>>> print(open('structure-v5.tsv').read())   # TSV, C-alpha atoms
chain	number	residue	atom	x	y	z
A	1092	MET	CA	-23.74	-16.23	0.18
A	1093	PRO	CA	-23.36	-18.59	-2.79
A	1094	ASP	CA	-22.78	-22.27	-2.19
A	1095	SER	CA	-19.16	-23.30	-2.13
A	1096	PRO	CA	-18.30	-25.18	-5.33
A	1097	ASP	CA	-16.85	-28.68	-4.98
A	1098	SER	CA	-13.72	-27.51	-6.76
A	1099	SER	CA	-13.00	-23.83	-7.19
A	1100	ARG	CA	-10.56	-24.84	-9.95
A	1101	ASP	CA	-13.58	-25.51	-12.21
A	1102	ALA	CA	-15.43	-22.32	-11.27
A	1103	PRO	CA	-16.92	-20.27	-14.12
A	1104	TRP	CA	-15.06	-17.10	-13.09
A	1105	LEU	CA	-11.77	-18.80	-14.01
A	1106	ALA	CA	-12.71	-19.08	-17.68
A	1107	GLY	CA	-10.41	-17.05	-19.87
A	1108	LEU	CA	-7.73	-16.42	-17.25
A	1109	ASN	CA	-4.09	-17.18	-18.00
A	1110	PRO	CA	-1.97	-19.29	-15.58
A	1111	PRO	CA	-0.58	-16.37	-13.51
A	1112	GLN	CA	-4.08	-14.89	-13.20
A	1113	ARG	CA	-5.49	-18.28	-12.14
A	1114	GLU	CA	-2.74	-18.58	-9.54
A	1115	ALA	CA	-3.65	-15.15	-8.12
A	1116	VAL	CA	-7.34	-16.10	-8.02
A	1117	LEU	CA	-6.83	-19.52	-6.44
A	1118	THR	CA	-4.39	-18.32	-3.77
A	1119	THR	CA	-6.77	-17.93	-0.84
A	1120	GLU	CA	-4.35	-17.56	2.07
A	1121	GLY	CA	-2.68	-14.21	2.56
A	1122	PRO	CA	-2.45	-11.17	0.33
A	1123	VAL	CA	-1.79	-11.24	-3.40
A	1124	LEU	CA	-0.17	-8.43	-5.38
A	1125	VAL	CA	-1.38	-8.12	-8.96
A	1126	LEU	CA	1.07	-5.84	-10.74
A	1127	ALA	CA	0.88	-5.51	-14.51
A	1128	GLY	CA	0.54	-3.00	-17.30
A	1129	ALA	CA	-2.61	-1.43	-18.68
A	1130	GLY	CA	-5.01	-3.78	-20.43
A	1131	THR	CA	-3.42	-6.98	-19.14
A	1132	GLY	CA	-6.40	-8.24	-17.13
A	1133	LYS	CA	-5.71	-6.94	-13.62
A	1134	THR	CA	-9.35	-6.05	-13.03
A	1135	SER	CA	-10.48	-9.43	-14.37
A	1136	ALA	CA	-8.05	-11.28	-12.10
A	1137	LEU	CA	-8.98	-9.25	-9.02
A	1138	THR	CA	-12.69	-9.61	-9.70
A	1139	ALA	CA	-12.34	-13.37	-10.12
A	1140	ARG	CA	-10.29	-13.53	-6.90
A	1141	LEU	CA	-12.98	-11.70	-4.95
A	1142	ALA	CA	-15.69	-13.94	-6.41
A	1143	ASN	CA	-13.62	-17.00	-5.49
A	1144	LEU	CA	-13.02	-15.79	-1.91
A	1145	ILE	CA	-16.75	-15.19	-1.45
A	1146	ALA	CA	-17.90	-18.41	-3.15
A	1147	THR	CA	-15.45	-20.60	-1.24
A	1148	ARG	CA	-16.36	-18.80	1.99
A	1149	LYS	CA	-12.79	-17.77	2.67
A	1150	ALA	CA	-14.17	-14.28	3.29
A	1151	TRP	CA	-17.53	-12.59	3.70
A	1152	PRO	CA	-18.21	-9.67	1.35
A	1153	SER	CA	-18.00	-7.20	4.25
A	1154	GLN	CA	-14.50	-8.44	5.13
A	1155	ILE	CA	-12.96	-7.60	1.76
A	1156	LEU	CA	-11.03	-4.41	1.07
A	1157	ALA	CA	-10.52	-3.89	-2.66
A	1158	VAL	CA	-9.21	-0.55	-3.88
A	1159	THR	CA	-8.37	0.70	-7.34
A	1160	PHE	CA	-7.03	3.94	-8.77
A	1161	THR	CA	-9.85	4.66	-11.20
A	1162	ASN	CA	-13.61	4.96	-11.00
A	1163	LYS	CA	-13.80	2.87	-14.18
A	1164	ALA	CA	-11.97	-0.08	-12.61
A	1165	ALA	CA	-14.03	0.17	-9.40
A	1166	ARG	CA	-17.27	0.25	-11.40
A	1167	GLU	CA	-16.17	-2.72	-13.53
A	1168	MET	CA	-15.25	-4.72	-10.44
A	1169	LYS	CA	-18.61	-4.00	-8.82
A	1170	GLU	CA	-20.52	-4.94	-11.99
A	1171	ARG	CA	-18.55	-8.14	-12.56
A	1172	ILE	CA	-18.78	-9.30	-8.95
A	1173	ALA	CA	-22.53	-8.62	-8.90
A	1174	LYS	CA	-22.92	-10.68	-12.08
A	1175	ILE	CA	-20.78	-13.56	-10.82
A	1176	SER	CA	-22.05	-13.66	-7.25
A	1177	GLY	CA	-25.68	-12.82	-7.78
A	1178	GLY	CA	-25.68	-9.70	-5.63
A	1179	ALA	CA	-22.92	-10.12	-3.02
A	1180	ILE	CA	-21.75	-6.64	-3.99
A	1181	GLU	CA	-24.36	-5.11	-1.69
A	1182	GLY	CA	-22.38	-6.43	1.26
A	1183	MET	CA	-19.06	-4.98	0.05
A	1184	PRO	CA	-18.74	-1.48	1.50
A	1185	TRP	CA	-14.96	-1.45	1.07
A	1186	LEU	CA	-14.76	-1.82	-2.71
A	1187	GLY	CA	-13.96	1.39	-4.58
A	1188	THR	CA	-11.24	3.85	-5.43
A	1189	PHE	CA	-8.56	4.71	-2.89
A	1190	HIS	CA	-10.22	8.11	-2.50
A	1191	SER	CA	-13.79	6.87	-2.05
A	1192	VAL	CA	-12.83	4.15	0.44
A	1193	ALA	CA	-10.63	6.55	2.42
A	1194	ALA	CA	-13.40	9.16	2.52
A	1195	ARG	CA	-15.88	6.51	3.72
A	1196	MET	CA	-13.50	5.42	6.48
A	1197	LEU	CA	-12.82	9.02	7.49
A	1198	ARG	CA	-16.53	9.82	7.63
A	1199	SER	CA	-17.09	6.76	9.83
A	1200	HIS	CA	-14.44	7.93	12.29
A	1201	ALA	CA	-14.45	11.69	11.71
A	1202	GLU	CA	-14.76	12.57	15.39
A	1203	LEU	CA	-11.44	10.83	16.12
A	1204	VAL	CA	-9.62	13.44	14.04
A	1205	GLY	CA	-11.74	16.44	15.01
A	1206	LEU	CA	-14.00	16.51	11.96
A	1207	ARG	CA	-17.74	16.30	11.48
A	1208	SER	CA	-18.93	13.33	9.45
A	1209	ASN	CA	-20.49	15.66	6.87
A	1210	PHE	CA	-17.15	17.30	5.97
A	1211	THR	CA	-16.67	18.49	2.39
A	1212	ILE	CA	-13.85	17.49	0.08
A	1213	LEU	CA	-12.90	20.41	-2.12
A	1214	ASP	CA	-12.41	19.95	-5.83
A	1215	THR	CA	-9.68	21.84	-7.71
A	1216	ASP	CA	-11.85	24.89	-8.43
A	1217	ASP	CA	-12.93	25.18	-4.79
A	1218	GLN	CA	-9.32	24.81	-3.63
A	1219	LEU	CA	-8.25	27.69	-5.87
A	1220	ARG	CA	-11.15	29.83	-4.67
A	1221	VAL	CA	-10.24	29.23	-1.00
A	1222	LEU	CA	-6.55	29.95	-1.65
A	1223	LYS	CA	-7.40	33.21	-3.42
A	1224	GLN	CA	-9.62	34.23	-0.50
A	1225	LEU	CA	-6.84	33.47	1.98
A	1226	ILE	CA	-4.23	35.40	-0.02
A	1227	SER	CA	-6.33	38.53	-0.60
>>> encode(input="structure-v5.tsv", output="structure tokens")
Amino acid sequence: MPDSPDSSRDAPWLAGLNPPQREAVLTTEGPVLVLAGAGTGKTSALTARLANLIATRKAWPSQILAVTFTNKAAREMKERIAKISGGAIEGMPWLGTFHSVAARMLRSHAELVGLRSNFTILDTDDQLRVLKQLIS
């Protein structure tokens, strides 16, 4: 875990953020909703917030749930956090897309819903194949 900076307001991960982004990053109590259009810096703000929470020891990496819609955003968040934190990403099992995080949770507790932990998620082609088999 990185050392806690004397003032998180001077932290390097805040460089380049606009005032609303800085507010989202520096709010350490309770949830924060970052809602904005494409290309407005949502991933940058969320990544900086996670780095700030870890660096100020408001949360351990394993306590953070961070989900995105796209693989690209999840990958960018992982890369940026690893760069900022010097490797804290290894302790963040709950950072990914909604689908990947949900699948990980379901695999961890598969027996509770009558599944085996090695269940398969069908892609579109497999779904069509199964439907055709059921219909014929």
>>> closest_residue(input="structure-v5.tsv", among="A:Ser1191, A:Ser1199, A:Asn1109, A:Asn1143", to="Ser1176 of chain A", atoms="only C-alpha atoms")
A:Asn1143
>>> atom_distance(input="structure-v5.tsv", atom1="atom CA of Leu1156 of chain A", atom2="atom CA of Trp1185 of chain A")
4.9 Å
>>> residues_around(input="structure-v5.tsv", residues="Ile1172 of chain A", least_positions_apart="2", cutoff="12 Å", atoms="all atoms listed in the file", output="compact mmCIF listing (two decimals) with C-alpha atoms, in the coordinates of the input")
# COMPACT_ATOMS: atom_id res chain seq x y z
CA TRP A 1104 -15.06 -17.10 -13.09
CA THR A 1134 -9.35 -6.05 -13.03
CA SER A 1135 -10.48 -9.43 -14.37
CA ALA A 1136 -8.05 -11.28 -12.10
CA LEU A 1137 -8.98 -9.25 -9.02
CA THR A 1138 -12.69 -9.61 -9.70
CA ALA A 1139 -12.34 -13.37 -10.12
CA ARG A 1140 -10.29 -13.53 -6.90
CA LEU A 1141 -12.98 -11.70 -4.95
CA ALA A 1142 -15.69 -13.94 -6.41
CA ASN A 1143 -13.62 -17.00 -5.49
CA LEU A 1144 -13.02 -15.79 -1.91
CA ILE A 1145 -16.75 -15.19 -1.45
CA ALA A 1146 -17.90 -18.41 -3.15
CA PRO A 1152 -18.21 -9.67 1.35
CA ALA A 1157 -10.52 -3.89 -2.66
CA ALA A 1165 -14.03 0.17 -9.40
CA ARG A 1166 -17.27 0.25 -11.40
CA GLU A 1167 -16.17 -2.72 -13.53
CA MET A 1168 -15.25 -4.72 -10.44
CA LYS A 1169 -18.61 -4.00 -8.82
CA GLU A 1170 -20.52 -4.94 -11.99
CA LYS A 1174 -22.92 -10.68 -12.08
CA ILE A 1175 -20.78 -13.56 -10.82
CA SER A 1176 -22.05 -13.66 -7.25
CA GLY A 1177 -25.68 -12.82 -7.78
CA GLY A 1178 -25.68 -9.70 -5.63
CA ALA A 1179 -22.92 -10.12 -3.02
CA ILE A 1180 -21.75 -6.64 -3.99
CA GLU A 1181 -24.36 -5.11 -1.69
CA GLY A 1182 -22.38 -6.43 1.26
CA MET A 1183 -19.06 -4.98 0.05
CA LEU A 1186 -14.76 -1.82 -2.71
>>> closest_residue(input="structure-v5.tsv", among="A:Gln1154, A:Leu1126, A:Glu1114, A:Thr1211", to="Pro1184 of chain A", atoms="only C-alpha atoms")
A:Gln1154
>>> atom_distance(input="structure-v5.tsv", atom1="atom CA of Arg1100 of chain A", atom2="atom CA of Arg1171 of chain A")
18.7 Å
>>> axis_aligned_box(input="structure-v5.tsv", around="segment 1193-1210 of chain A", padding_each_side="5 Å", output="AutoDock Vina command-line options")
--center_x -15.1 --center_y 11.4 --center_z 9.3 --size_x 20.9 --size_y 21.9 --size_z 23.7
>>> decode(input="structure-v5.tsv", residues="segment 1149-1217 of chain A", atoms="C-alpha atoms", output="mmCIF file, in the first residue's frame")
data_model
loop_
_atom_site.group_PDB
_atom_site.id
_atom_site.type_symbol
_atom_site.label_atom_id
_atom_site.label_comp_id
_atom_site.auth_asym_id
_atom_site.auth_seq_id
_atom_site.Cartn_x
_atom_site.Cartn_y
_atom_site.Cartn_z
ATOM 1 C CA LYS A 1149 -9.735 5.051 2.833
ATOM 2 C CA ALA A 1150 -10.044 1.623 1.195
ATOM 3 C CA TRP A 1151 -7.873 -1.399 0.514
ATOM 4 C CA PRO A 1152 -7.681 -2.495 -3.131
ATOM 5 C CA SER A 1153 -9.669 -5.653 -2.344
ATOM 6 C CA GLN A 1154 -12.532 -3.564 -0.917
ATOM 7 C CA ILE A 1155 -13.179 -1.613 -4.103
ATOM 8 C CA LEU A 1156 -15.877 -2.524 -6.616
ATOM 9 C CA ALA A 1157 -15.391 -0.651 -9.891
ATOM 10 C CA VAL A 1158 -17.440 -1.684 -12.901
ATOM 11 C CA THR A 1159 -17.610 -0.307 -16.417
ATOM 12 C CA PHE A 1160 -19.579 -1.150 -19.532
ATOM 13 C CA THR A 1161 -16.655 -1.716 -21.876
ATOM 14 C CA ASN A 1162 -13.539 -3.854 -21.881
ATOM 15 C CA LYS A 1163 -11.621 -0.808 -23.115
ATOM 16 C CA ALA A 1164 -12.578 1.293 -20.078
ATOM 17 C CA ALA A 1165 -11.838 -1.587 -17.682
ATOM 18 C CA ARG A 1166 -8.432 -2.153 -19.288
ATOM 19 C CA GLU A 1167 -7.618 1.578 -19.163
ATOM 20 C CA MET A 1168 -8.597 1.770 -15.501
ATOM 21 C CA LYS A 1169 -6.417 -1.219 -14.636
ATOM 22 C CA GLU A 1170 -3.435 0.193 -16.556
ATOM 23 C CA ARG A 1171 -3.772 3.673 -15.068
ATOM 24 C CA ILE A 1172 -4.220 2.446 -11.499
ATOM 25 C CA ALA A 1173 -1.218 0.129 -11.849
ATOM 26 C CA LYS A 1174 0.867 3.060 -13.107
ATOM 27 C CA ILE A 1175 -0.289 5.432 -10.356
ATOM 28 C CA SER A 1176 -0.217 2.985 -7.466
ATOM 29 C CA GLY A 1177 2.805 0.923 -8.368
ATOM 30 C CA GLY A 1178 0.971 -2.384 -8.581
ATOM 31 C CA ALA A 1179 -2.074 -2.140 -6.281
ATOM 32 C CA ILE A 1180 -4.125 -3.475 -9.184
ATOM 33 C CA GLU A 1181 -3.112 -7.030 -8.271
ATOM 34 C CA GLY A 1182 -5.236 -6.719 -5.151
ATOM 35 C CA MET A 1183 -8.320 -5.475 -7.016
ATOM 36 C CA PRO A 1184 -10.374 -8.518 -8.009
ATOM 37 C CA TRP A 1185 -13.564 -6.481 -8.398
ATOM 38 C CA LEU A 1186 -12.454 -4.120 -11.167
ATOM 39 C CA GLY A 1187 -13.806 -4.961 -14.614
ATOM 40 C CA THR A 1188 -16.865 -4.902 -16.808
ATOM 41 C CA PHE A 1189 -20.307 -5.552 -15.345
ATOM 42 C CA HIS A 1190 -20.263 -8.923 -17.103
ATOM 43 C CA SER A 1191 -16.801 -10.030 -15.959
ATOM 44 C CA VAL A 1192 -17.356 -9.004 -12.337
ATOM 45 C CA ALA A 1193 -20.794 -10.651 -12.245
ATOM 46 C CA ALA A 1194 -19.390 -13.860 -13.744
ATOM 47 C CA ARG A 1195 -16.573 -13.867 -11.164
ATOM 48 C CA MET A 1196 -19.080 -13.422 -8.331
ATOM 49 C CA LEU A 1197 -21.342 -16.128 -9.726
ATOM 50 C CA ARG A 1198 -18.436 -18.558 -10.083
ATOM 51 C CA SER A 1199 -17.456 -17.874 -6.466
ATOM 52 C CA HIS A 1200 -20.958 -18.716 -5.254
ATOM 53 C CA ALA A 1201 -22.204 -21.019 -8.014
ATOM 54 C CA GLU A 1202 -23.375 -23.739 -5.633
ATOM 55 C CA LEU A 1203 -25.834 -21.314 -4.020
ATOM 56 C CA VAL A 1204 -27.793 -21.135 -7.275
ATOM 57 C CA GLY A 1205 -27.366 -24.761 -8.320
ATOM 58 C CA LEU A 1206 -24.496 -24.278 -10.767
ATOM 59 C CA ARG A 1207 -21.007 -25.689 -10.994
ATOM 60 C CA SER A 1208 -18.225 -23.126 -10.773
ATOM 61 C CA ASN A 1209 -16.970 -24.126 -14.231
ATOM 62 C CA PHE A 1210 -20.236 -23.167 -15.965
ATOM 63 C CA THR A 1211 -20.037 -21.852 -19.528
ATOM 64 C CA ILE A 1212 -21.427 -18.561 -20.764
ATOM 65 C CA LEU A 1213 -22.709 -18.967 -24.298
ATOM 66 C CA ASP A 1214 -21.840 -16.430 -26.961
ATOM 67 C CA THR A 1215 -24.380 -15.419 -29.616
ATOM 68 C CA ASP A 1216 -23.420 -18.210 -32.035
ATOM 69 C CA ASP A 1217 -23.683 -20.871 -29.326
#
